[in-house]
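What follows is structure_34.tsv (TSV, C-alpha atoms).
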```
chain	number	residue	atom	x	y	z
A	4	GLU	CA	0.00	0.00	0.00
A	5	MET	CA	1.37	3.41	-0.99
A	6	ASP	CA	2.27	5.85	1.75
A	7	HIS	CA	0.29	8.81	0.42
A	8	THR	CA	1.78	11.14	3.03
A	9	ALA	CA	5.26	10.58	1.53
A	10	LEU	CA	4.24	11.56	-2.02
A	11	LYS	CA	5.46	15.12	-2.69
A	12	THR	CA	5.47	15.34	-6.50
A	13	LEU	CA	3.99	13.74	-9.63
A	14	GLU	CA	7.38	13.85	-11.32
A	15	GLY	CA	7.60	10.04	-11.42
A	16	PHE	CA	4.09	9.61	-12.79
A	17	GLN	CA	3.97	8.33	-16.38
A	18	VAL	CA	0.80	9.31	-18.23
A	19	GLU	CA	-0.74	6.45	-20.22
A	20	LYS	CA	-4.12	7.86	-21.16
A	21	VAL	CA	-6.35	10.86	-20.52
A	22	ILE	CA	-9.74	9.21	-20.00
A	23	ALA	CA	-11.79	12.36	-19.38
A	24	SER	CA	-11.50	16.10	-19.91
A	25	THR	CA	-14.37	18.52	-19.33
A	26	ALA	CA	-14.26	22.22	-20.10
A	27	ASN	CA	-17.11	23.30	-17.82
A	28	ARG	CA	-15.60	21.71	-14.69
A	29	LYS	CA	-11.98	22.33	-15.69
A	30	PHE	CA	-11.47	18.66	-14.90
A	31	ALA	CA	-9.29	15.86	-16.25
A	32	ALA	CA	-8.87	12.20	-15.34
A	33	VAL	CA	-5.55	10.55	-16.19
A	34	VAL	CA	-4.46	6.91	-16.00
A	35	GLY	CA	-0.77	6.12	-15.56
A	36	ARG	CA	1.89	4.42	-13.50
A	37	PHE	CA	4.60	5.46	-11.06
A	38	GLN	CA	8.14	4.79	-12.32
A	39	ASP	CA	9.40	3.33	-9.04
A	40	ASP	CA	6.38	1.09	-8.47
A	41	LEU	CA	7.62	-2.50	-8.53
A	42	SER	CA	4.06	-3.86	-8.56
A	43	ASP	CA	3.40	-2.02	-11.84
A	44	GLY	CA	-0.08	-1.09	-10.59
A	45	LYS	CA	-2.18	1.51	-12.35
A	46	ALA	CA	-2.82	4.89	-10.77
A	47	LEU	CA	-5.72	7.25	-11.46
A	48	VAL	CA	-5.08	10.98	-11.09
A	49	LEU	CA	-8.05	13.37	-11.01
A	50	LEU	CA	-7.22	17.01	-11.67
A	51	GLU	CA	-9.54	19.97	-11.17
A	52	ARG	CA	-8.93	23.69	-11.15
A	53	LYS	CA	-9.69	25.21	-7.77
A	54	PRO	CA	-12.44	27.87	-7.58
A	55	PHE	CA	-11.55	31.50	-7.05
A	56	ASP	CA	-11.30	32.73	-3.46
A	57	PRO	CA	-12.89	36.20	-3.24
A	58	GLU	CA	-10.67	37.08	-0.27
A	59	ARG	CA	-7.51	36.55	-2.35
A	60	MET	CA	-8.52	38.52	-5.44
A	61	GLN	CA	-6.42	41.59	-4.66
A	62	ALA	CA	-3.37	39.51	-3.81
A	63	MET	CA	-3.74	37.60	-7.08
A	64	THR	CA	-3.16	40.77	-9.10
A	65	VAL	CA	0.33	41.23	-7.64
A	66	ASP	CA	3.10	39.96	-9.94
A	67	SER	CA	0.50	39.08	-12.57
A	68	LYS	CA	1.01	39.19	-16.32
A	69	LEU	CA	-1.59	39.84	-19.04
A	70	LEU	CA	-1.22	38.37	-22.54
A	71	LEU	CA	-3.63	39.94	-25.04
A	72	ASP	CA	-5.69	37.42	-27.01
A	73	PHE	CA	-8.42	39.54	-28.61
A	74	THR	CA	-9.77	43.10	-28.57
A	75	ASN	CA	-12.79	44.84	-30.07
A	76	ALA	CA	-13.97	48.32	-29.00
A	77	GLU	CA	-14.34	48.29	-25.18
A	78	TYR	CA	-13.97	44.49	-25.00
A	79	ALA	CA	-10.70	42.64	-24.56
A	80	ILE	CA	-9.76	39.04	-23.76
A	81	TYR	CA	-6.46	38.26	-22.07
A	82	ASN	CA	-4.71	35.23	-20.67
A	83	LEU	CA	-3.84	36.07	-17.07
A	84	GLN	CA	-0.71	34.52	-15.66
A	85	THR	CA	-0.32	34.62	-11.89
A	86	THR	CA	2.18	33.27	-9.42
A	87	GLN	CA	2.20	29.55	-8.68
A	88	GLU	CA	0.44	30.21	-5.38
A	89	TYR	CA	-2.74	31.20	-7.25
A	90	SER	CA	-2.57	28.47	-9.88
A	91	GLU	CA	-3.16	25.48	-7.63
A	92	ILE	CA	-4.91	22.40	-9.01
A	93	LYS	CA	-6.84	19.99	-6.80
A	94	CYS	CA	-5.34	16.53	-7.29
A	95	ASP	CA	-7.03	13.30	-6.18
A	96	LEU	CA	-5.07	10.05	-6.41
A	97	ILE	CA	-6.56	6.57	-6.51
A	98	TYR	CA	-3.87	3.92	-6.18
A	99	PRO	CA	-3.99	1.12	-6.91
A	100	ALA	CA	-6.76	1.88	-9.39
A	101	THR	CA	-9.01	-0.98	-10.44
A	102	GLU	CA	-10.79	-1.28	-13.77
A	103	LYS	CA	-13.99	-0.23	-11.98
A	104	HIS	CA	-12.31	2.95	-10.75
A	105	ILE	CA	-11.10	3.72	-14.27
A	106	ALA	CA	-14.49	2.95	-15.83
A	107	LYS	CA	-16.19	5.27	-13.34
A	108	TYR	CA	-14.19	8.29	-14.54
A	109	THR	CA	-13.94	7.44	-18.24
A	110	GLU	CA	-16.04	9.67	-20.49
A	111	ALA	CA	-18.95	7.68	-21.82
A	112	ASP	CA	-22.38	7.76	-23.33
A	113	TYR	CA	-25.35	7.97	-20.96
A	114	ARG	CA	-28.98	6.89	-21.21
A	115	MET	CA	-32.10	7.80	-19.26
A	116	ILE	CA	-34.17	4.74	-18.40
A	117	VAL	CA	-37.12	3.97	-16.15
A	118	GLU	CA	-36.48	1.48	-13.39
A	119	THR	CA	-39.74	-0.15	-12.31
A	120	PRO	CA	-40.03	-1.88	-8.91
A	121	ASP	CA	-39.97	-5.25	-10.69
A	122	LEU	CA	-36.87	-4.29	-12.66
A	123	TYR	CA	-35.17	-3.26	-9.43
A	124	LYS	CA	-35.97	-6.61	-7.79
A	125	GLN	CA	-35.08	-8.74	-10.81
A	126	VAL	CA	-31.97	-6.98	-12.17
A	127	THR	CA	-30.64	-4.04	-10.13
A	128	LEU	CA	-30.81	-5.50	-6.62
A	129	PRO	CA	-29.17	-8.85	-7.51
A	130	TYR	CA	-26.39	-6.94	-9.28
A	131	VAL	CA	-25.85	-4.63	-6.28
A	132	LEU	CA	-25.71	-7.54	-3.82
A	133	ARG	CA	-23.26	-9.38	-6.05
A	134	GLU	CA	-20.98	-6.55	-7.20
A	135	GLU	CA	-21.31	-3.38	-5.10
A	136	LEU	CA	-20.81	-4.48	-1.49
A	137	GLY	CA	-17.89	-5.96	0.47
A	138	ASP	CA	-14.54	-4.52	-0.59
A	139	ARG	CA	-16.28	-1.93	-2.78
A	140	ILE	CA	-17.49	-0.05	0.29
A	141	GLN	CA	-14.73	-0.96	2.75
A	142	TRP	CA	-13.68	2.70	2.71
A	143	VAL	CA	-17.12	3.57	4.14
A	144	TYR	CA	-16.67	1.15	7.03
A	145	ASN	CA	-13.19	2.57	7.62
A	146	ILE	CA	-14.79	5.98	8.20
A	147	LEU	CA	-17.57	4.64	10.42
A	148	GLU	CA	-15.05	2.70	12.51
A	149	LYS	CA	-12.69	5.74	12.58
A	150	ARG	CA	-9.82	3.78	11.09
A	151	LYS	CA	-9.56	6.41	8.35
A	152	GLU	CA	-10.40	10.13	8.06
A	153	ALA	CA	-11.31	10.51	11.74
A	154	GLU	CA	-9.63	13.92	11.81
A	155	ARG	CA	-12.01	15.15	9.07
A	156	ILE	CA	-15.23	14.42	10.96
A	157	ILE	CA	-17.40	17.52	11.38
A	158	PHE	CA	-20.12	15.95	13.48
A	159	GLU	CA	-21.07	12.53	14.81
A	160	ASP	CA	-24.28	11.12	16.20
A	161	PRO	CA	-23.32	7.66	17.57
A	162	ASP	CA	-26.87	6.30	17.79
A	163	PRO	CA	-26.80	2.94	15.97
A	164	SER	CA	-30.28	3.43	14.49
A	165	THR	CA	-30.57	7.14	13.71
A	166	GLY	CA	-26.96	8.29	13.91
A	167	PHE	CA	-24.41	9.21	11.26
A	168	ILE	CA	-21.00	10.70	10.61
A	169	LEU	CA	-20.72	14.01	8.74
A	170	LEU	CA	-17.55	15.09	6.95
A	171	PRO	CA	-16.52	17.40	4.09
A	172	ASP	CA	-16.68	15.79	0.68
A	173	MET	CA	-13.37	15.32	-1.11
A	174	LYS	CA	-14.69	17.54	-3.92
A	175	TRP	CA	-14.67	20.60	-1.65
A	176	ASP	CA	-11.60	22.67	-0.75
A	177	GLN	CA	-13.22	23.66	2.61
A	178	SER	CA	-12.55	27.34	2.02
A	179	THR	CA	-14.97	28.60	-0.65
A	180	MET	CA	-18.39	28.54	0.99
A	181	VAL	CA	-20.45	28.74	-2.22
A	182	ASN	CA	-18.84	25.42	-3.19
A	183	LEU	CA	-19.62	23.80	0.17
A	184	TYR	CA	-20.09	20.05	-0.19
A	185	CYS	CA	-20.48	17.70	2.77
A	186	LEU	CA	-21.42	14.05	3.07
A	187	ALA	CA	-23.25	12.21	5.85
A	188	ILE	CA	-22.86	8.44	6.16
A	189	ALA	CA	-25.49	6.55	8.17
A	190	ASN	CA	-24.33	4.23	10.94
A	191	ARG	CA	-26.82	1.58	9.82
A	192	ARG	CA	-25.40	-0.90	7.34
A	193	ASP	CA	-28.65	-2.45	6.16
A	194	ILE	CA	-29.90	0.42	3.95
A	195	LEU	CA	-28.51	0.16	0.43
A	196	SER	CA	-30.19	3.11	-1.24
A	197	MET	CA	-33.38	5.13	-1.56
A	198	ARG	CA	-35.10	1.93	-2.75
A	199	SER	CA	-34.60	0.45	0.75
A	200	LEU	CA	-36.33	3.28	2.60
A	201	GLY	CA	-39.64	2.92	4.44
A	202	SER	CA	-41.58	4.45	7.32
A	203	GLU	CA	-39.24	2.90	9.91
A	204	HIS	CA	-36.41	5.02	8.50
A	205	VAL	CA	-38.12	8.41	8.85
A	206	PRO	CA	-36.47	9.19	12.25
A	207	LEU	CA	-33.06	8.55	10.68
A	208	LEU	CA	-33.84	10.69	7.63
A	209	GLN	CA	-35.20	13.53	9.77
A	210	ASN	CA	-32.11	13.34	11.96
A	211	LEU	CA	-29.87	13.57	8.90
A	212	LEU	CA	-31.78	16.63	7.72
A	213	ASP	CA	-31.97	18.43	11.08
A	214	LYS	CA	-28.69	17.60	12.81
A	215	GLY	CA	-26.63	17.54	9.63
A	216	SER	CA	-27.84	20.99	8.61
A	217	ALA	CA	-27.35	22.34	12.14
A	218	ALA	CA	-23.77	20.99	12.29
A	219	ILE	CA	-22.90	22.67	8.99
A	220	ALA	CA	-24.42	25.97	10.17
A	221	SER	CA	-22.40	25.74	13.38
A	222	ARG	CA	-19.10	24.86	11.71
A	223	TYR	CA	-19.24	26.90	8.51
A	224	GLY	CA	-21.90	29.55	9.12
A	225	VAL	CA	-24.07	28.40	6.21
A	226	PRO	CA	-27.71	28.35	7.37
A	227	ARG	CA	-30.18	25.60	6.51
A	228	GLU	CA	-32.04	27.78	4.01
A	229	LYS	CA	-28.85	27.98	1.94
A	230	LEU	CA	-28.35	24.21	1.80
A	231	ARG	CA	-29.51	21.62	-0.69
A	232	VAL	CA	-29.81	18.30	1.17
A	233	TYR	CA	-30.40	15.32	-1.07
A	234	LEU	CA	-29.82	11.71	-2.09
A	235	HIS	CA	-28.76	10.34	-5.45
A	236	TYR	CA	-30.46	7.49	-7.22
A	237	GLN	CA	-28.65	5.56	-8.38
A	238	PRO	CA	-25.99	6.32	-5.75
A	239	THR	CA	-22.26	6.14	-6.38
A	240	PHE	CA	-21.99	3.61	-3.53
A	241	TYR	CA	-24.61	1.41	-1.88
A	242	HIS	CA	-24.68	2.46	1.77
A	243	LEU	CA	-27.15	5.14	2.82
A	244	HIS	CA	-25.55	8.58	2.56
A	245	VAL	CA	-26.79	12.14	2.15
A	246	HIS	CA	-25.28	15.09	0.29
A	247	TYR	CA	-25.23	18.70	1.56
A	248	THR	CA	-24.30	21.45	-0.90
A	249	HIS	CA	-24.59	25.23	-0.97
A	250	VAL	CA	-27.57	26.41	-3.03
A	251	GLN	CA	-25.12	28.22	-5.33
A	252	PHE	CA	-23.02	25.11	-5.92
A	253	GLU	CA	-23.24	24.27	-9.62
A	254	THR	CA	-24.06	20.69	-10.53
A	255	THR	CA	-25.16	18.88	-13.68
A	256	ASN	CA	-26.53	15.86	-11.80
A	257	THR	CA	-29.97	14.69	-12.94
A	258	ASP	CA	-30.31	12.01	-10.26
A	259	VAL	CA	-31.02	14.27	-7.27
A	260	HIS	CA	-33.87	13.60	-4.82
A	261	MET	CA	-34.28	16.25	-2.11
A	262	LEU	CA	-34.27	14.70	1.37
A	263	GLN	CA	-37.32	16.66	2.55
A	264	ALA	CA	-39.28	15.38	-0.47
A	265	VAL	CA	-38.14	11.82	0.25
A	266	ILE	CA	-39.40	12.13	3.85
A	267	ASP	CA	-42.71	13.62	2.68
A	268	ASN	CA	-43.23	10.85	0.13
A	269	ILE	CA	-42.70	8.14	2.75
A	270	LEU	CA	-45.03	9.87	5.22
A	271	LEU	CA	-47.74	9.89	2.53
A	272	VAL	CA	-47.09	6.34	1.29
A	273	PRO	CA	-44.89	4.24	3.64
A	274	ASP	CA	-43.65	1.91	0.87
A	275	TYR	CA	-43.41	4.68	-1.74
A	276	TYR	CA	-39.90	3.76	-2.93
A	277	GLN	CA	-40.80	0.11	-3.28
A	278	ARG	CA	-43.78	1.02	-5.50
A	279	VAL	CA	-42.74	3.95	-7.66
A	280	PRO	CA	-40.89	3.73	-10.99
A	281	LEU	CA	-37.70	5.82	-10.87
A	282	GLN	CA	-36.03	7.46	-13.83
A	283	LEU	CA	-32.27	7.11	-13.72
A	284	LYS	CA	-29.21	8.10	-15.68
A	285	ILE	CA	-26.87	5.21	-16.45
A	286	ARG	CA	-23.63	4.89	-18.36
A	287	THR	CA	-23.47	2.60	-21.34
A	288	GLY	CA	-20.93	-0.20	-21.25
A	289	LEU	CA	-21.02	-0.74	-17.49
A	290	PRO	CA	-21.93	-4.25	-16.27
A	291	LEU	CA	-25.27	-3.11	-14.83
A	292	PHE	CA	-26.16	-1.42	-18.12
A	293	GLU	CA	-25.37	-4.63	-19.98
A	294	GLU	CA	-27.62	-6.61	-17.62
A	295	LEU	CA	-30.43	-4.10	-18.10
A	296	LYS	CA	-29.88	-4.32	-21.85
A	297	ALA	CA	-30.05	-8.12	-21.73
A	298	ALA	CA	-33.34	-7.79	-19.85
A	299	GLY	CA	-34.71	-5.75	-22.75
A	300	VAL	CA	-35.14	-2.50	-20.86
A	301	PRO	CA	-36.34	0.29	-23.18
A	302	GLY	CA	-33.58	2.80	-23.93
A	303	THR	CA	-30.69	0.35	-23.63
A	304	ALA	CA	-30.67	-0.97	-27.20
```
Now that the file is in, can you turn its structure into C-alpha cells?
Amino acid sequence: EMDHTALKTLEGFQVEKVIASTANRKFAAVVGRFQDDLSDGKALVLLERKPFDPERMQAMTVDSKLLLDFTNAEYAIYNLQTTQEYSEIKCDLIYPATEKHIAKYTEADYRMIVETPDLYKQVTLPYVLREELGDRIQWVYNILEKRKEAERIIFEDPDPSTGFILLPDMKWDQSTMVNLYCLAIANRRDILSMRSLGSEHVPLLQNLLDKGSAAIASRYGVPREKLRVYLHYQPTFYHLHVHYTHVQFETTNTDVHMLQAVIDNILLVPDYYQRVPLQLKIRTGLPLFEELKAAGVPGTA
C-alpha cells in the first residue's frame, strides 16, 4: 500500500491515457503508473482547477502578467498569468486503481431509463448484492469505525439506528463557501439506497436533515435555508448517505432527490420507494447497463 503522506510530486508519474477532460468543470482524469512502483499497478489521477477565493482577489493581481488574445472596442480578452500560489490544481489520487475505478471516470455515453419496482428486484438488486458491497465499500466502514479520516469528521451522532458521521466531501476545498459540499454516512449498514427506505427510517432521515444541517451551520456559518440536502439514485456507492451542498453550488446531476421530499413521500405512502418507478441516468458499457440491456429494458438498445 502506498504511503500517500510521503508523495510530494507527480514527477515520477507516467501518463498512459487521458480518460476524461471537461471544459465546464476544468477537470481531467488521467491513467498512468509510477516509475518506481515494482508492482506495476495503475494509478488514477483526477485534476480539477480550484475555484476563485474572493478574499484573495487583490493579492492575485500582484506579480501578474496579461497576454492579449483579442480586442474589439471596449472588450478585450487576455490570458492572465499569476504566481504559482494562485494556480493550484486539486489533485485526487486513486492507487492502486481498479478497472472499476477507471471505468467510473472514463467519459462515456449515458442513457435515461425507467427502473420499475420489478426491474429493481429482478436486475438491479441482484447486481448490487453481487458486485457493489464488500470490498467496494470498505472505505465507508473505515470511516464509520474511525480507522480512516477521523480527523475530518465535522459531526457525529453515535446512535446505531438514527446516527451518522458528517464530513466534508473530497470535492470541496473547505474554504470557498459557495462550493460547500459535505457528506453524511449513516451508521446503519442495512440500507442500500433510496429503494430500501420505508416508514421505519423516517427518524433517521429527519435526523440527517436536522442535525446535519445544524452541524454545517455551526461549523461553517451556512444556514439551513442555503443548503440543498439530497440523495442520489442511483448512488455512487450502496450504503445510505446524504449530500449537503450550498444552493449556489453548480451541478449537472440529474439524479437528485431532495431529502425533505423523500421524507414527505414516505409519510404519505410508507412503501413509496418500493412502489414507484424511478427514472435514472446510467452509463453505457457498465456491467449493470449490460444486464439491463439483456433484460430488454427500453432505452438500452
For the point (-42.2, 1.8, 0.1) in file coordinates, what residues are within 10 Å, counting only C-alpha atoms? Give the answer as a PyMOL selection string?
chain A and resi 120+197-202+268-270+272-279
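When all atoms listed in the file are used to compute distances to A:Pro163, the closest of the residues A:Val265, A:Leu207, A:Ala187, A:Val21 turns out to be A:Leu207.
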Can you work out which one of A:Leu50, A:Val131, A:Ala106, A:Ile116 has the shortest atom-to-atom distance to A:Lys93, counting only C-alpha atoms?
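Result for the nearest residue to A:Lys93: A:Leu50.
Between atom CA of A:Gly166 and atom CA of A:Lys149 there is a distance of 14.6 Å.
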Check the smallest atom-to-atom distance from each of A:Ala26, A:Thr287, A:Asn82, A:Pro54 to A:Ser67 using only C-alpha atoms, then report the winner.
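The shortest atom-to-atom distance to A:Ser67 comes from A:Asn82.
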So which residues are close to (-3.3, 13.8, -19.0), meaning at most 9 Å away in the file's coordinates with all atoms listed in the file counted, and can you show them as a ChimeraX atom specification?
/A:18-24,31-35,48,50
Report, in Å to a single decimal, how far apart atom CA of A:Asp112 and atom CA of A:Gln125 are.
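Interatomic distance here is 24.3 Å.
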